[in-house]
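Here is the file protein.txt (compact mmCIF, C-alpha atoms).
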```
# COMPACT_ATOMS: atom_id res chain seq x y z
CA ALA A 1 27.51 -15.54 22.45
CA HIS A 2 26.86 -13.13 19.62
CA ARG A 3 23.75 -11.38 18.38
CA ILE A 4 23.67 -10.37 14.73
CA GLU A 5 20.31 -9.13 13.52
CA ASP A 6 18.83 -7.46 10.44
CA TYR A 7 18.09 -3.82 11.38
CA TYR A 8 16.90 -0.77 9.46
CA THR A 9 16.91 2.97 10.00
CA ARG A 10 15.72 5.54 7.46
CA ASP A 11 17.86 8.34 8.89
CA ARG A 12 19.87 8.98 12.07
CA SER A 13 17.20 7.56 14.33
CA THR A 14 17.69 4.43 16.42
CA PRO A 15 17.91 1.32 14.20
CA ARG A 16 15.05 -1.14 14.62
CA GLU A 17 14.84 -4.80 13.67
CA ASP A 18 13.07 -5.38 10.37
CA ALA A 19 10.22 -7.02 12.30
CA TYR A 20 9.50 -3.64 13.91
CA TRP A 21 8.57 -2.30 10.47
CA GLY A 22 6.48 -5.37 9.64
CA PHE A 23 9.08 -7.19 7.56
CA ARG A 24 11.46 -10.10 8.18
CA SER A 25 15.13 -10.75 8.79
CA ASP A 26 16.99 -11.73 5.62
CA ILE A 27 20.14 -12.99 7.35
CA THR A 28 20.53 -16.72 6.66
CA ALA A 29 23.77 -17.26 8.62
CA SER A 30 25.96 -15.19 10.94
CA PHE A 31 29.11 -15.31 13.06
CA GLY A 32 30.64 -12.89 15.54
CA VAL A 33 33.71 -12.85 17.79
CA GLU A 34 35.56 -10.27 19.90
CA GLU A 35 39.30 -10.65 20.39
CA ASP A 36 41.84 -8.15 21.73
CA GLY A 37 39.25 -5.37 21.65
CA VAL A 38 38.39 -6.05 17.99
CA THR A 39 34.88 -7.16 17.04
CA THR A 40 34.55 -9.24 13.86
CA ILE A 41 31.12 -9.82 12.35
CA ALA A 42 30.28 -12.03 9.36
CA PHE A 43 26.84 -12.69 7.89
CA ARG A 44 25.16 -14.10 4.80
CA ARG A 45 22.15 -12.66 2.94
CA LYS A 46 20.86 -12.38 -0.61
CA LEU A 47 22.36 -9.64 -2.77
CA ASP A 48 19.00 -8.52 -4.15
CA ALA A 49 16.71 -6.75 -1.68
CA SER A 50 13.01 -7.63 -1.80
CA GLU A 51 11.76 -5.42 1.05
CA PRO A 52 11.95 -1.68 1.75
CA THR A 53 13.95 -2.34 4.94
CA ASP A 54 16.86 -3.72 2.88
CA HIS A 55 19.23 -2.30 0.26
CA SER A 56 20.52 -4.39 -2.61
CA ILE A 57 24.25 -5.13 -2.62
CA VAL A 58 25.32 -4.23 -6.15
CA ASP A 59 28.49 -4.50 -8.20
CA ASP A 60 29.16 -0.78 -8.01
CA GLU A 61 30.24 1.89 -5.55
CA MET A 62 28.18 1.81 -2.37
CA THR A 63 28.12 3.95 0.76
CA VAL A 64 28.68 1.99 3.96
CA ILE A 65 28.18 3.52 7.41
CA TRP A 66 30.15 2.20 10.37
CA ALA A 67 28.47 2.95 13.69
CA ARG A 68 30.87 2.44 16.58
CA GLY A 69 29.54 2.25 20.13
CA GLN A 70 30.71 4.40 23.03
CA GLU A 71 33.31 2.85 25.34
CA PRO A 72 33.63 3.70 29.06
CA GLY A 73 36.23 6.44 29.47
CA MET A 74 36.38 6.95 25.70
CA TYR A 75 33.17 8.87 25.05
CA VAL A 76 32.92 10.95 21.90
CA HIS A 77 30.21 13.62 21.69
CA SER A 78 30.05 16.92 19.86
CA PRO A 79 29.51 19.09 21.80
CA ALA A 80 30.75 17.31 24.91
CA SER A 81 28.06 15.68 27.02
CA GLY A 82 27.75 15.40 30.78
CA LEU A 83 29.73 12.14 30.60
CA GLU A 84 32.85 13.93 29.38
CA GLN A 85 32.29 16.78 31.83
CA GLY A 86 31.69 14.45 34.79
CA ALA A 87 28.19 15.81 35.38
CA ALA A 88 26.02 13.05 33.91
CA SER A 89 22.77 12.24 35.72
CA ASP A 90 23.28 8.59 34.69
CA PRO A 91 27.00 7.72 34.60
CA ASP A 92 26.12 4.22 33.32
CA PHE A 93 23.99 5.48 30.45
CA TYR A 94 25.97 3.36 27.96
CA ARG A 95 25.66 -0.26 29.02
CA PRO A 96 27.13 -3.37 27.37
CA ASP A 97 25.26 -4.84 24.40
CA GLU A 98 22.79 -1.96 24.00
CA ILE A 99 21.99 0.06 20.90
CA LYS A 100 21.56 3.71 21.72
CA TYR A 101 20.01 6.46 19.64
CA HIS A 102 22.84 8.30 17.89
CA GLY A 103 21.09 11.38 16.50
CA LYS A 104 19.58 14.40 18.21
CA LYS A 105 16.59 16.68 18.12
CA ASP A 106 14.92 16.70 14.70
CA GLN A 107 17.29 14.18 13.09
CA ARG A 108 14.80 11.42 13.86
CA GLY A 109 12.36 10.39 11.13
CA GLY A 110 12.87 13.54 9.11
CA GLN A 111 12.55 14.85 5.56
CA SER A 112 9.24 13.28 4.52
CA ASP A 113 6.62 14.62 2.14
CA ALA A 114 3.01 14.04 3.20
CA VAL A 115 -0.56 14.82 2.24
CA LEU A 116 -2.88 14.63 5.24
CA GLY A 117 -6.64 14.57 5.14
CA TRP A 118 -9.34 13.95 7.73
CA ILE A 119 -12.91 14.70 8.74
CA ASP A 120 -13.30 16.05 12.29
CA ARG A 121 -16.10 15.27 14.74
CA SER A 122 -18.19 18.19 13.46
CA GLY A 123 -18.07 16.74 9.93
CA ARG A 124 -15.72 19.35 8.46
CA ALA A 125 -13.13 18.09 6.00
CA PHE A 126 -9.46 19.11 5.91
CA ILE A 127 -6.67 18.27 3.48
CA ALA A 128 -3.24 19.88 3.09
CA ASP A 129 0.26 19.45 1.70
CA MET A 130 2.51 18.78 4.70
CA TRP A 131 6.20 18.35 5.47
CA ILE A 132 7.70 16.17 8.22
CA LYS A 133 11.15 17.32 9.28
CA GLY A 134 11.58 15.10 12.31
CA TYR A 135 9.83 12.84 14.79
CA THR A 136 7.32 15.63 15.37
CA ALA A 137 3.89 16.64 14.17
CA PRO A 138 3.69 17.38 10.40
CA GLU A 139 3.88 21.04 9.46
CA LEU A 140 2.07 22.88 6.67
CA ASP A 141 4.18 23.08 3.53
CA SER A 142 4.96 26.71 2.70
CA ASN A 143 3.83 25.95 -0.87
CA GLN A 144 0.51 24.14 -1.16
CA ASP A 145 1.06 22.23 -4.41
CA ILE A 146 -2.14 20.19 -4.36
CA SER A 147 -5.41 21.01 -6.11
CA ASP A 148 -8.78 19.43 -6.99
CA THR A 149 -8.98 18.19 -3.41
CA SER A 150 -11.80 16.37 -1.69
CA VAL A 151 -12.32 14.34 1.49
CA VAL A 152 -15.47 12.21 1.70
CA LEU A 153 -16.74 9.89 4.45
CA GLU A 154 -19.22 7.29 3.22
CA ASP A 155 -20.18 3.92 4.72
CA GLY A 156 -17.21 3.97 7.09
CA VAL A 157 -14.72 4.76 4.29
CA VAL A 158 -12.73 8.00 4.21
CA THR A 159 -11.61 8.78 0.65
CA VAL A 160 -8.97 11.46 0.09
CA LYS A 161 -8.42 12.78 -3.43
CA PHE A 162 -5.99 15.37 -4.75
CA THR A 163 -3.97 16.38 -7.77
CA ARG A 164 -0.29 17.40 -7.64
CA PRO A 165 2.69 17.69 -10.03
CA ARG A 166 4.67 14.49 -10.57
CA VAL A 167 7.93 16.43 -10.68
CA SER A 168 8.18 19.30 -8.22
CA LYS A 169 10.76 22.03 -7.74
CA ASP A 170 9.55 22.56 -4.18
CA SER A 171 12.25 21.44 -1.74
CA GLN A 172 9.48 20.21 0.57
CA ASP A 173 7.91 17.92 -2.04
CA GLN A 174 9.00 14.46 -3.12
CA SER A 175 9.03 14.13 -6.89
CA LEU A 176 7.17 11.08 -8.20
CA ASP A 177 9.26 10.46 -11.31
CA GLU A 178 10.74 7.38 -9.67
CA CYS A 179 9.19 4.34 -8.00
CA LEU A 180 8.83 4.82 -4.24
CA HIS A 181 7.46 3.07 -1.19
CA PHE A 182 4.32 4.75 0.16
CA LEU A 183 3.57 5.16 3.86
CA TYR A 184 -0.04 4.96 5.09
CA PRO A 185 -0.77 6.17 8.65
CA ILE A 186 -4.00 4.17 8.85
CA LYS A 187 -4.54 4.93 12.54
CA GLY A 188 -3.75 8.59 13.04
CA GLY A 189 -3.72 10.47 16.31
CA ASP A 190 -6.10 13.05 17.76
CA VAL A 191 -6.96 15.95 15.47
CA LYS A 192 -7.01 19.56 16.69
CA ALA A 193 -9.53 21.24 14.38
CA VAL A 194 -8.48 24.84 15.16
CA SER A 195 -4.68 24.54 14.89
CA LYS A 196 -4.87 21.85 12.17
CA LYS A 197 -2.44 19.68 14.13
CA ILE A 198 -2.56 15.92 14.39
CA GLY A 199 -1.19 13.88 17.28
CA LYS A 200 1.13 10.90 17.19
CA HIS A 201 -0.31 7.91 15.31
CA ASP A 202 -1.91 5.26 17.54
CA ALA A 203 -0.45 2.39 15.50
CA ARG A 204 2.58 1.84 13.30
CA PRO A 205 1.90 3.16 9.77
CA GLU A 206 1.66 0.62 6.95
CA VAL A 207 4.39 0.60 4.29
CA SER A 208 3.61 -0.59 0.76
CA ASP A 209 5.18 -4.00 0.15
CA GLN A 210 6.35 -2.98 -3.31
CA LYS A 211 7.49 0.33 -4.72
CA ILE A 212 4.67 2.25 -6.40
CA CYS A 213 5.37 3.76 -9.81
CA ILE A 214 3.34 6.81 -10.91
CA ARG A 215 4.14 7.58 -14.53
CA SER A 216 2.94 10.24 -16.92
CA CYS A 217 -0.37 9.36 -18.58
CA ARG A 218 1.15 10.37 -21.91
CA SER A 219 3.60 7.45 -21.62
CA GLY A 220 0.72 5.02 -21.93
CA ALA A 221 0.64 3.94 -18.30
CA ASP A 222 -2.83 3.26 -16.94
CA VAL A 223 -2.75 6.05 -14.37
CA PRO A 224 -5.64 8.49 -13.98
CA GLY A 225 -4.68 12.14 -14.26
CA ASP A 226 -3.92 15.07 -16.51
CA SER A 227 -1.43 14.68 -19.35
CA SER A 228 1.22 17.31 -19.96
CA ASP A 229 4.98 17.50 -20.42
CA GLU A 230 7.41 15.56 -18.19
CA THR A 231 8.17 18.40 -15.80
CA GLY A 232 4.64 19.71 -15.53
CA SER A 233 2.63 16.49 -15.62
CA LYS A 234 0.16 16.02 -12.82
CA VAL A 235 -1.18 12.90 -11.21
CA ARG A 236 -4.56 12.33 -9.63
CA VAL A 237 -4.09 10.45 -6.38
CA THR A 238 -6.82 8.70 -4.49
CA THR A 239 -6.30 7.04 -1.14
CA ALA A 240 -8.75 5.66 1.34
CA ARG A 241 -9.00 4.41 4.85
CA THR A 242 -11.58 1.65 4.86
CA THR A 243 -13.69 -0.12 7.42
CA THR A 244 -14.86 -3.42 5.96
CA THR A 245 -17.42 -5.93 7.09
CA THR A 246 -16.83 -9.53 6.04
CA THR A 247 -18.72 -12.76 6.52
CA ALA A 248 -17.48 -14.55 9.60
CA LYS A 249 -15.23 -17.48 8.80
CA PRO A 250 -14.06 -20.25 11.11
CA GLN A 251 -10.90 -19.33 12.99
CA MET A 252 -8.62 -21.35 15.22
CA MET A 253 -7.56 -19.35 18.29
CA MET A 254 -5.17 -20.19 21.11
CA ASP A 255 -3.91 -18.40 24.20
CA VAL A 256 -0.17 -17.74 24.48
CA GLU A 257 1.93 -16.31 27.30
CA LEU A 258 5.45 -14.86 27.04
CA LYS A 259 7.60 -13.24 29.71
CA PHE A 260 9.54 -10.14 28.64
CA ILE A 261 12.61 -9.28 30.68
CA ASP A 262 14.89 -6.26 31.17
CA VAL A 263 11.91 -3.91 31.06
CA GLY A 264 13.51 -1.56 33.59
CA ASP A 265 13.37 -1.17 37.36
CA ASP A 266 10.84 1.67 37.19
CA PHE A 267 8.61 0.07 34.58
CA LYS A 268 4.89 0.06 35.35
CA ILE A 269 2.21 -1.65 33.31
CA PRO A 270 0.21 1.12 31.59
CA ARG A 271 -3.51 1.44 32.10
CA LYS A 272 -5.49 -0.72 29.70
CA ASN A 273 -6.65 1.05 26.52
CA SER A 274 -4.40 4.03 27.28
CA PRO A 275 -2.09 5.30 24.47
CA GLU A 276 0.90 3.82 26.34
CA PHE A 277 -0.87 0.44 26.61
CA ASN A 278 -1.73 0.46 22.91
CA GLU A 279 1.82 1.40 21.93
CA LEU A 280 3.27 -1.40 24.08
CA SER A 281 0.74 -3.82 22.59
CA GLU A 282 1.80 -2.85 19.07
CA ARG A 283 5.48 -3.46 19.90
CA VAL A 284 4.70 -6.89 21.31
CA LYS A 285 2.42 -7.70 18.38
CA ARG A 286 5.09 -6.77 15.82
CA SER A 287 7.73 -8.84 17.58
CA VAL A 288 5.57 -11.95 17.98
CA THR A 289 4.19 -11.67 14.44
CA SER A 290 7.71 -11.84 13.02
CA ALA A 291 8.14 -15.25 14.68
CA LEU A 292 4.82 -16.68 13.44
CA THR A 293 4.72 -15.67 9.76
CA SER A 294 5.90 -19.15 8.70
CA VAL A 295 3.02 -20.96 10.46
CA PRO A 296 0.41 -22.16 7.91
CA GLY A 297 -2.81 -20.20 8.21
CA PHE A 298 -1.40 -17.57 10.57
CA GLU A 299 -3.61 -14.48 10.52
CA ASP A 300 -3.07 -12.32 13.57
CA VAL A 301 -1.84 -11.99 17.13
CA SER A 302 -3.41 -9.66 19.67
CA VAL A 303 -2.61 -8.65 23.24
CA SER A 304 -5.41 -9.37 25.70
CA ASP A 305 -3.60 -8.15 28.81
CA PHE A 306 -0.30 -7.60 30.64
CA GLU A 307 0.65 -8.87 34.09
CA GLU A 308 3.63 -8.39 36.37
CA SER A 309 5.49 -11.53 37.45
CA GLU A 310 6.94 -12.13 40.91
CA GLU A 311 10.33 -11.14 39.51
CA LYS A 312 8.90 -7.78 38.36
CA GLU A 313 9.04 -8.91 34.74
CA LEU A 314 6.31 -8.37 32.15
CA ILE A 315 4.01 -11.28 31.22
CA ALA A 316 2.08 -10.72 28.00
CA LYS A 317 -1.18 -12.62 27.50
CA LEU A 318 -1.74 -13.07 23.78
CA VAL A 319 -4.28 -14.60 21.44
CA VAL A 320 -2.92 -16.18 18.25
CA THR A 321 -5.43 -16.56 15.40
CA LEU A 322 -5.13 -19.04 12.51
CA ASP A 323 -7.41 -19.54 9.53
CA HIS A 324 -9.23 -22.81 10.25
CA ASP A 325 -9.79 -23.66 6.57
CA THR A 326 -6.07 -23.29 5.80
CA VAL A 327 -5.16 -25.45 8.79
CA SER A 328 -7.68 -28.10 7.72
CA LYS A 329 -6.26 -28.23 4.20
CA GLU A 330 -2.71 -28.35 5.52
CA TYR A 331 -3.43 -31.39 7.68
CA LYS A 332 -6.19 -33.02 5.63
CA GLY A 333 -6.50 -36.76 6.12
CA ARG A 334 -5.30 -36.81 9.72
CA LYS A 335 -7.44 -38.35 12.45
CA THR A 336 -10.03 -36.21 14.24
CA GLY A 337 -8.38 -33.63 16.45
CA GLY A 338 -5.03 -34.05 14.69
CA GLU A 339 -5.25 -30.65 13.01
CA SER A 340 -5.63 -28.85 16.34
CA GLU A 341 -2.72 -30.74 17.90
CA LYS A 342 -0.52 -30.07 14.88
CA ALA A 343 -1.45 -26.37 14.73
CA LYS A 344 -0.62 -25.98 18.41
CA ALA A 345 2.70 -27.77 17.90
CA MET A 346 3.57 -25.53 14.92
CA VAL A 347 2.82 -22.32 16.86
CA LYS A 348 4.75 -23.55 19.89
CA GLN A 349 7.76 -24.59 17.81
CA ALA A 350 7.84 -21.29 15.89
CA LEU A 351 7.81 -19.33 19.14
CA GLN A 352 10.22 -21.70 20.87
CA ASP A 353 12.81 -21.15 18.13
CA SER A 354 12.85 -17.45 19.04
CA VAL A 355 12.35 -17.80 22.79
CA GLU A 356 15.37 -20.10 23.13
CA LYS A 357 17.53 -17.35 21.61
CA GLY A 358 16.41 -15.00 24.38
CA HIS A 359 14.47 -12.56 22.23
CA VAL A 360 11.34 -12.41 20.09
CA GLY A 361 11.69 -9.74 17.46
CA GLU A 362 13.21 -6.68 19.13
CA LEU A 363 12.17 -7.65 22.67
CA ARG A 364 14.10 -9.81 25.15
CA VAL A 365 12.25 -12.74 26.69
CA ASP A 366 12.74 -15.38 29.37
CA PRO A 367 14.04 -18.47 27.47
CA GLN A 368 12.36 -20.75 30.02
CA TYR A 369 8.88 -19.25 29.83
CA LEU A 370 6.41 -20.14 27.08
CA ILE A 371 2.79 -21.23 27.49
CA VAL A 372 0.62 -22.24 24.53
CA GLY A 373 -3.02 -23.18 25.19
CA ASN A 374 -5.24 -25.60 23.30
CA PRO A 375 -6.79 -24.25 20.09
CA VAL A 376 -10.48 -23.33 20.04
CA VAL A 377 -12.45 -23.03 16.81
CA GLN A 378 -14.77 -20.02 16.72
CA ASN A 379 -17.22 -18.54 14.21
CA GLU A 380 -18.07 -21.91 12.71
CA THR A 381 -20.68 -21.66 10.00
CA ALA A 382 -23.79 -23.85 9.96
CA ALA A 383 -22.41 -25.75 6.98
CA THR A 384 -19.20 -26.45 8.85
CA ARG A 385 -21.07 -27.77 11.87
CA VAL A 386 -23.30 -30.04 9.74
CA ALA A 387 -20.28 -31.34 7.83
CA SER A 388 -18.56 -32.22 11.09
CA ILE A 389 -21.43 -34.54 12.23
CA SER A 390 -20.53 -38.20 11.94
CA ASP A 391 -22.84 -40.84 10.37
CA SER A 392 -23.67 -42.38 13.76
CA GLN A 393 -24.52 -38.96 15.17
CA LEU A 394 -26.71 -38.21 12.15
CA LYS A 395 -28.65 -41.49 12.60
CA LEU A 396 -29.16 -40.73 16.29
CA TYR A 397 -30.50 -37.25 15.48
CA ILE A 398 -32.92 -38.76 12.93
CA VAL A 399 -34.25 -41.27 15.48
CA ILE A 400 -34.66 -38.54 18.12
CA GLY A 401 -36.46 -36.37 15.56
CA CYS A 402 -38.87 -39.17 14.64
CA ILE A 403 -39.66 -39.90 18.30
CA ALA A 404 -40.28 -36.22 18.96
CA PHE A 405 -42.63 -36.10 15.96
CA LEU A 406 -44.62 -39.15 17.16
CA VAL A 407 -44.91 -37.66 20.65
CA LEU A 408 -46.19 -34.41 19.15
CA VAL A 409 -48.82 -36.31 17.10
CA ALA A 410 -49.94 -38.26 20.19
CA VAL A 411 -50.29 -35.06 22.21
CA MET A 412 -52.33 -33.42 19.46
CA GLN A 413 -54.58 -36.49 19.13
CA ALA A 414 -55.17 -36.61 22.90
CA SER A 415 -56.00 -32.90 22.91
CA CYS A 416 -58.56 -33.36 20.15
CA SER A 417 -60.19 -36.31 21.98
CA ILE A 418 -60.51 -34.34 25.21
CA TYR A 419 -61.99 -31.39 23.31
CA ARG A 420 -64.66 -33.62 21.69
CA LEU A 421 -65.63 -35.21 25.01
CA ASN A 422 -66.06 -31.78 26.58
CA ARG A 423 -68.30 -30.64 23.72
CA ARG A 424 -70.51 -33.75 24.01
CA SER A 425 -70.84 -33.28 27.75
CA THR A 426 -71.85 -29.64 27.34
CA ALA A 427 -74.38 -30.50 24.63
CA SER A 428 -76.03 -33.21 26.77
CA LYS A 429 -76.53 -30.79 29.69
CA GLY A 430 -78.12 -28.27 27.35
CA HIS A 431 -80.83 -30.73 26.14
CA LYS A 432 -81.85 -31.57 29.67
```
Kindly return the structure encoded in the file as structure tokens.
Amino acid sequence: AHRIEDYYTRDRSTPREDAYWGFRSDITASFGVEEDGVTTIAFRRKLDASEPTDHSIVDDEMTVIWARGQEPGMYVHSPASGLEQGAASDPDFYRPDEIKYHGKKDQRGGQSDAVLGWIDRSGRAFIADMWIKGYTAPELDSNQDISDTSVVLEDGVVTVKFTRPRVSKDSQDQSLDECLHFLYPIKGGDVKAVSKKIGKHDARPEVSDQKICIRSCRSGADVPGDSSDETGSKVRVTTARTTTTTTAKPQMMMDVELKFIDVGDDFKIPRKNSPEFNELSERVKRSVTSALTSVPGFEDVSVSDFEESEEKELIAKLVVTLDHDTVSKEYKGRKTGGESEKAKAMVKQALQDSVEKGHVGELRVDPQYLIVGNPVVQNETAATRVASISDSQLKLYIVIGCIAFLVLVAVMQASCSIYRLNRRSTASKGHK
């Protein structure tokens, strides 16, 4: 059997499946075979890339990187590792069919320009031009090229504003004279107010679906900012982290269970709500989401809990959420209850297609284990509930309402009669 997947890495860090970054696999067909120590891989995909995790294949010179795995007894490291020297703590570090990280130290996730802003618990605002040279905390840029800065928290919305040159000669700034994908760390880590350091993000940053073009205002583009020559033009950038409140809408929710395997002999389920638990939840969510994006009305998947199976494997308890209105429109005209049955079948089939292959997204799963519960509709509006009442039910409610009204009238009439009798009796005693 062969496994050929669509992966992406932005530098020398470990490649991740496109689903890890929130996108999808663009491979439409693949084939792989190994003969006489030679591995041959063939795949089919579109030439034009539509996502930031893909590069277009163009009719021009292109750079192609061949990453060859380490073979037992044929290790290649510079400088030599403990494997070559016979002093490795784990002689079986390189196992069959595994992708290992092939960079070192600050080669992971490096060379990124960033502007960070926050408001700490005491209400003080901070904003600075930063530089990320690896998978480490951002560092202050030696040249602070931003001005007209402000950070405001209002109604649960943090708005960060700043002005900076579009084209910069600073080696630690990314010029904005070309269209680029923007990265938004919407769930940052803990902030240390004194050292101005920020911890690792609690959730995977969001990447803009399309490249964002920031052009000079003088060129006629509708971009707010100062106008000047091409090399000195500045752009006013506003970004915000929002907390929104929306009117509740009916949602169709169902419980799902998957069993993840090969989690490691020493693996222990992290404490709920701990950073490790949240990080594991995000990995599972990304992987499962990639398998459900084709389901009509799919909105979200969340992890409710993790359990350990008898085989010491990881069972993830999930909640899949669909938009009830979309599901209803998709299966309009079916008999009562048909939409729930069909939605459950669609979710189960979408997951089964991945589970049968032995992996969901970047995580390996037990091909024989998949549980999908019955859908439950929550947050129904009053209008939805009234609309769902049948004619016979409506007639019954009207009859019950009329009877209740007549009983109420009878009780009131009896009360009045008793009151009058009591008054007459009291009056008669008074005359005597």
Check your understanding: How far is it from CA of Leu314 (chain A) to CA of Val288 (chain A), in Å with one decimal?
Key -> 14.6 Å
Practice item. Please work out which residues fall within 10 Å of (10.1, -18.0, 21.1), coordinates as given in the file, with all atoms listed in the file counting, and return them as a PyMOL selection string. Key: chain A and resi 258+288+291-292+347-361+364-370
Review point. Of the candidates A:Arg45, A:Tyr94, A:Gln172, A:Ile269, which shows the shortest atom-to-atom distance to Val76 (chain A), using only C-alpha atoms?
Key: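 Checking each of A:Arg45, A:Tyr94, A:Gln172, A:Ile269 against Val76 (chain A), counting only C-alpha atoms, the winner is A:Tyr94.
Taking CA of Phe126 (chain A) and CA of Val151 (chain A) as the two end points, the separation is 7.1 Å.
Counting from CA of Tyr7 (chain A), the distance to CA of Thr63 (chain A) is 16.5 Å.
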Point to revise | Nearest to Glu362 (chain A), chosen from A:Ser287, A:Gly338, A:Val160, A:Ile398, with only C-alpha atoms counted in the distances | key: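 Closest to Glu362 (chain A), using only C-alpha atoms: A:Ser287.
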